[in-house]
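Peer 1: Okay, handing you the structure first.
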Amino acid sequence: MNYITINNYSRNGKIGISRNAIATIAQKAVEAFQGVSISKSKTLFSVDRGVKVSFTKEGKAVVKIDIDVAIDAPVQTLCTEIQKEVAQAISLSCDTVPYDVQVKVAKIL
């Protein structure tokens with residue numbers, strides 16, 4: 001499944017949001033933080049953007065974000081703030097899509 005159905009209050013059809021759109025929302029939210037960047041894959045012909053979105057059978061979006069942080073950054077606080085910011089961005093954009101945001105530090109710069 002490449003998209004998830006969201007609430008459509010007009011009842012004129014179905015509205016969905018794709019996993020790429022959710023990944024872009026998460027990526028833009030992370031880019032707002034200083035000293036943090038989305039981890040890029042170094043493999044040849046890779047299209048990995050450091051943000052992966054998958055959908056569960058129950059219709060929940062699971063957002064996994066790999067980040068690179070500066071050596072002097074407070075990692076635990078920063079990861080929590082990133083989770084909150086991404087969750088807020090998804091809530092504002094997608095209304096009622098249930099989601100789970102997971103942040104992993106891939107590299108310390």
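FYI, nothing fancy with the structure tokens labels: chains A, B, ... in order, residues from 1 per chain, ligands from 1 as they appear.
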Quick one: residues within 9 Å of region 30-32 of chain A, only C-alpha atoms, excluding same-chain residues fewer than 4 positions away - as a PDB file with C-alpha atoms, in the first residue's frame?

Peer 2:
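This is the output file result_13.pdb:
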```pdb
ATOM      1  CA  ILE A  25       6.597  16.417   5.774  1.00  0.00           C
ATOM      2  CA  ALA A  26       8.908  14.697   8.279  1.00  0.00           C
ATOM      3  CA  VAL A  36      20.916  18.158  12.750  1.00  0.00           C
ATOM      4  CA  SER A  37      20.760  16.692   9.279  1.00  0.00           C
ATOM      5  CA  ILE A  38      18.966  13.748   7.746  1.00  0.00           C
ATOM      6  CA  ILE A  65      14.139   8.955  10.741  1.00  0.00           C
ATOM      7  CA  ILE A  67      19.753  11.706  11.716  1.00  0.00           C
ATOM      8  CA  ILE A  82      12.360  16.162  16.707  1.00  0.00           C
ATOM      9  CA  GLN A  83       9.688  13.567  17.503  1.00  0.00           C
ATOM     10  CA  GLU A  85       7.983  18.553  15.766  1.00  0.00           C
ATOM     11  CA  VAL A  86       7.439  15.756  13.240  1.00  0.00           C
TER      12      VAL A  86
END
```

Peer 1: Pull the strand (DSSP E or B) assignments for chain A out of DSSP run on the backbone, and list those residues as number ranges by chain.

Peer 2: A: 3-6, 15-18, 36-38, 51-55, 61-69, 99-108

Peer 1: Only N, CA and C atoms, please: the residues just picked out, written as a JSON list (two decimals), in the first residue's frame.

Peer 2:
```json
[["chain", "number", "residue", "atom", "x", "y", "z"],
["A", 3, "TYR", "N", -0.41, 4.47, -0.01],
["A", 3, "TYR", "CA", -1.09, 5.61, 0.59],
["A", 3, "TYR", "C", -2.02, 5.13, 1.69],
["A", 4, "ILE", "N", -2.43, 6.09, 2.52],
["A", 4, "ILE", "CA", -3.35, 5.79, 3.61],
["A", 4, "ILE", "C", -4.53, 6.75, 3.49],
["A", 5, "THR", "N", -5.72, 6.26, 3.74],
["A", 5, "THR", "CA", -6.93, 7.07, 3.62],
["A", 5, "THR", "C", -7.07, 7.96, 4.85],
["A", 6, "ILE", "N", -7.40, 9.23, 4.59],
["A", 6, "ILE", "CA", -7.62, 10.16, 5.69],
["A", 6, "ILE", "C", -9.08, 10.58, 5.69],
["A", 15, "ILE", "N", -10.02, 10.44, 0.27],
["A", 15, "ILE", "CA", -8.80, 11.23, 0.20],
["A", 15, "ILE", "C", -7.69, 10.41, 0.85],
["A", 16, "GLY", "N", -6.56, 10.35, 0.21],
["A", 16, "GLY", "CA", -5.44, 9.61, 0.76],
["A", 16, "GLY", "C", -4.17, 10.44, 0.72],
["A", 17, "ILE", "N", -3.21, 10.04, 1.53],
["A", 17, "ILE", "CA", -1.90, 10.68, 1.52],
["A", 17, "ILE", "C", -0.85, 9.59, 1.35],
["A", 18, "SER", "N", 0.10, 9.84, 0.47],
["A", 18, "SER", "CA", 1.10, 8.82, 0.15],
["A", 18, "SER", "C", 2.22, 8.79, 1.19],
["A", 36, "VAL", "N", 21.49, 19.47, 13.08],
["A", 36, "VAL", "CA", 20.92, 18.16, 12.75],
["A", 36, "VAL", "C", 20.74, 18.08, 11.24],
["A", 37, "SER", "N", 21.05, 16.92, 10.69],
["A", 37, "SER", "CA", 20.76, 16.69, 9.28],
["A", 37, "SER", "C", 20.24, 15.27, 9.11],
["A", 38, "ILE", "N", 19.48, 15.07, 8.07],
["A", 38, "ILE", "CA", 18.97, 13.75, 7.75],
["A", 38, "ILE", "C", 20.15, 12.93, 7.24],
["A", 51, "VAL", "N", 14.59, 9.09, 5.67],
["A", 51, "VAL", "CA", 13.24, 9.04, 6.26],
["A", 51, "VAL", "C", 12.49, 7.91, 5.57],
["A", 52, "LYS", "N", 12.04, 6.96, 6.36],
["A", 52, "LYS", "CA", 11.29, 5.82, 5.82],
["A", 52, "LYS", "C", 9.90, 5.81, 6.44],
["A", 53, "VAL", "N", 8.89, 5.62, 5.62],
["A", 53, "VAL", "CA", 7.51, 5.56, 6.09],
["A", 53, "VAL", "C", 6.92, 4.23, 5.65],
["A", 54, "SER", "N", 6.32, 3.54, 6.59],
["A", 54, "SER", "CA", 5.61, 2.31, 6.26],
["A", 54, "SER", "C", 4.23, 2.38, 6.92],
["A", 55, "PHE", "N", 3.31, 1.59, 6.39],
["A", 55, "PHE", "CA", 1.96, 1.56, 6.93],
["A", 55, "PHE", "C", 1.67, 0.18, 7.51],
["A", 61, "ALA", "N", 0.72, 5.00, 10.30],
["A", 61, "ALA", "CA", 1.95, 5.36, 9.60],
["A", 61, "ALA", "C", 3.12, 5.29, 10.58],
["A", 62, "VAL", "N", 4.14, 4.53, 10.24],
["A", 62, "VAL", "CA", 5.35, 4.43, 11.06],
["A", 62, "VAL", "C", 6.45, 5.19, 10.34],
["A", 63, "VAL", "N", 6.92, 6.27, 10.97],
["A", 63, "VAL", "CA", 7.94, 7.14, 10.39],
["A", 63, "VAL", "C", 9.26, 6.88, 11.10],
["A", 64, "LYS", "N", 10.26, 6.41, 10.35],
["A", 64, "LYS", "CA", 11.59, 6.15, 10.90],
["A", 64, "LYS", "C", 12.56, 7.15, 10.30],
["A", 65, "ILE", "N", 13.24, 7.89, 11.18],
["A", 65, "ILE", "CA", 14.14, 8.96, 10.74],
["A", 65, "ILE", "C", 15.54, 8.67, 11.26],
["A", 66, "ASP", "N", 16.51, 8.65, 10.35],
["A", 66, "ASP", "CA", 17.92, 8.52, 10.71],
["A", 66, "ASP", "C", 18.54, 9.90, 10.61],
["A", 67, "ILE", "N", 19.19, 10.36, 11.70],
["A", 67, "ILE", "CA", 19.75, 11.71, 11.72],
["A", 67, "ILE", "C", 21.24, 11.68, 12.04],
["A", 68, "ASP", "N", 21.91, 12.72, 11.60],
["A", 68, "ASP", "CA", 23.30, 12.99, 11.99],
["A", 68, "ASP", "C", 23.26, 14.23, 12.87],
["A", 69, "VAL", "N", 23.94, 14.18, 14.03],
["A", 69, "VAL", "CA", 23.91, 15.31, 14.96],
["A", 69, "VAL", "C", 25.33, 15.78, 15.25],
["A", 99, "TYR", "N", -0.04, 7.78, 13.79],
["A", 99, "TYR", "CA", 1.36, 7.68, 13.40],
["A", 99, "TYR", "C", 2.23, 7.31, 14.59],
["A", 100, "ASP", "N", 3.43, 6.86, 14.27],
["A", 100, "ASP", "CA", 4.45, 6.55, 15.26],
["A", 100, "ASP", "C", 5.76, 7.10, 14.69],
["A", 101, "VAL", "N", 6.45, 7.95, 15.45],
["A", 101, "VAL", "CA", 7.69, 8.57, 14.98],
["A", 101, "VAL", "C", 8.86, 7.97, 15.75],
["A", 102, "GLN", "N", 9.82, 7.42, 15.01],
["A", 102, "GLN", "CA", 11.02, 6.82, 15.62],
["A", 102, "GLN", "C", 12.24, 7.54, 15.07],
["A", 103, "VAL", "N", 13.08, 8.04, 15.98],
["A", 103, "VAL", "CA", 14.29, 8.77, 15.60],
["A", 103, "VAL", "C", 15.50, 7.97, 16.02],
["A", 104, "LYS", "N", 16.44, 7.78, 15.10],
["A", 104, "LYS", "CA", 17.67, 7.06, 15.39],
["A", 104, "LYS", "C", 18.85, 7.92, 15.00],
["A", 105, "VAL", "N", 19.82, 8.06, 15.89],
["A", 105, "VAL", "CA", 21.04, 8.80, 15.58],
["A", 105, "VAL", "C", 21.96, 7.86, 14.81],
["A", 106, "ALA", "N", 22.23, 8.21, 13.56],
["A", 106, "ALA", "CA", 23.07, 7.38, 12.71],
["A", 106, "ALA", "C", 24.54, 7.75, 12.82],
["A", 107, "LYS", "N", 24.80, 9.05, 13.04],
["A", 107, "LYS", "CA", 26.20, 9.49, 13.07],
["A", 107, "LYS", "C", 26.33, 10.75, 13.94],
["A", 108, "ILE", "N", 27.43, 10.82, 14.67],
["A", 108, "ILE", "CA", 27.79, 12.02, 15.43],
["A", 108, "ILE", "C", 28.85, 12.74, 14.61]]
```

Peer 1: Going by DSSP on the backbone, which bits of region 11-103 of chain A are helix (DSSP H, G or I)? Write them as a PyMOL selection string, please.

Peer 2: chain A and resi 19-30+75-94

Peer 1: Could you check the closest approach to Ile90 (chain A) for each of A:Gln76, A:Gln27, A:Ser39, A:Ser10 and tell me which residue wins, using only C-alpha atoms?

Peer 2: A:Gln27

Peer 1: At what distance in Å, to one decimal, does CA of Gln34 (chain A) lie from CA of Ala70 (chain A)?

Peer 2: 9.1 Å

Peer 1: Mind giving me the straight-line distance from CA of Lys84 (chain A) to CA of Lys14 (chain A) in Å, one decimal?

Peer 2: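 Spanning CA of Lys84 (chain A) to CA of Lys14 (chain A) is a straight-line distance of 28.2 Å.
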
Peer 1: If you measure from CA of Ser93 (chain A) to CA of Ile22 (chain A), what distance in Å do you get, rounded to one decimal?

Peer 2: 8.8 Å

Peer 1: Between A:Val97, A:Ala89, A:Leu109, A:Ala21, which has the minimum distance to Lys60 (chain A) (counting only C-alpha atoms)?

Peer 2: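 Among the listed residues, the smallest separation from Lys60 (chain A) belongs to A:Val97.
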
Peer 1: Which residue is closest to Asp72 (chain A)? Choose from A:Gly50, A:Gly35, A:Pro98, A:Gly13 and count only C-alpha atoms.

Peer 2: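 Closest residue, counting only C-alpha atoms: A:Gly35.
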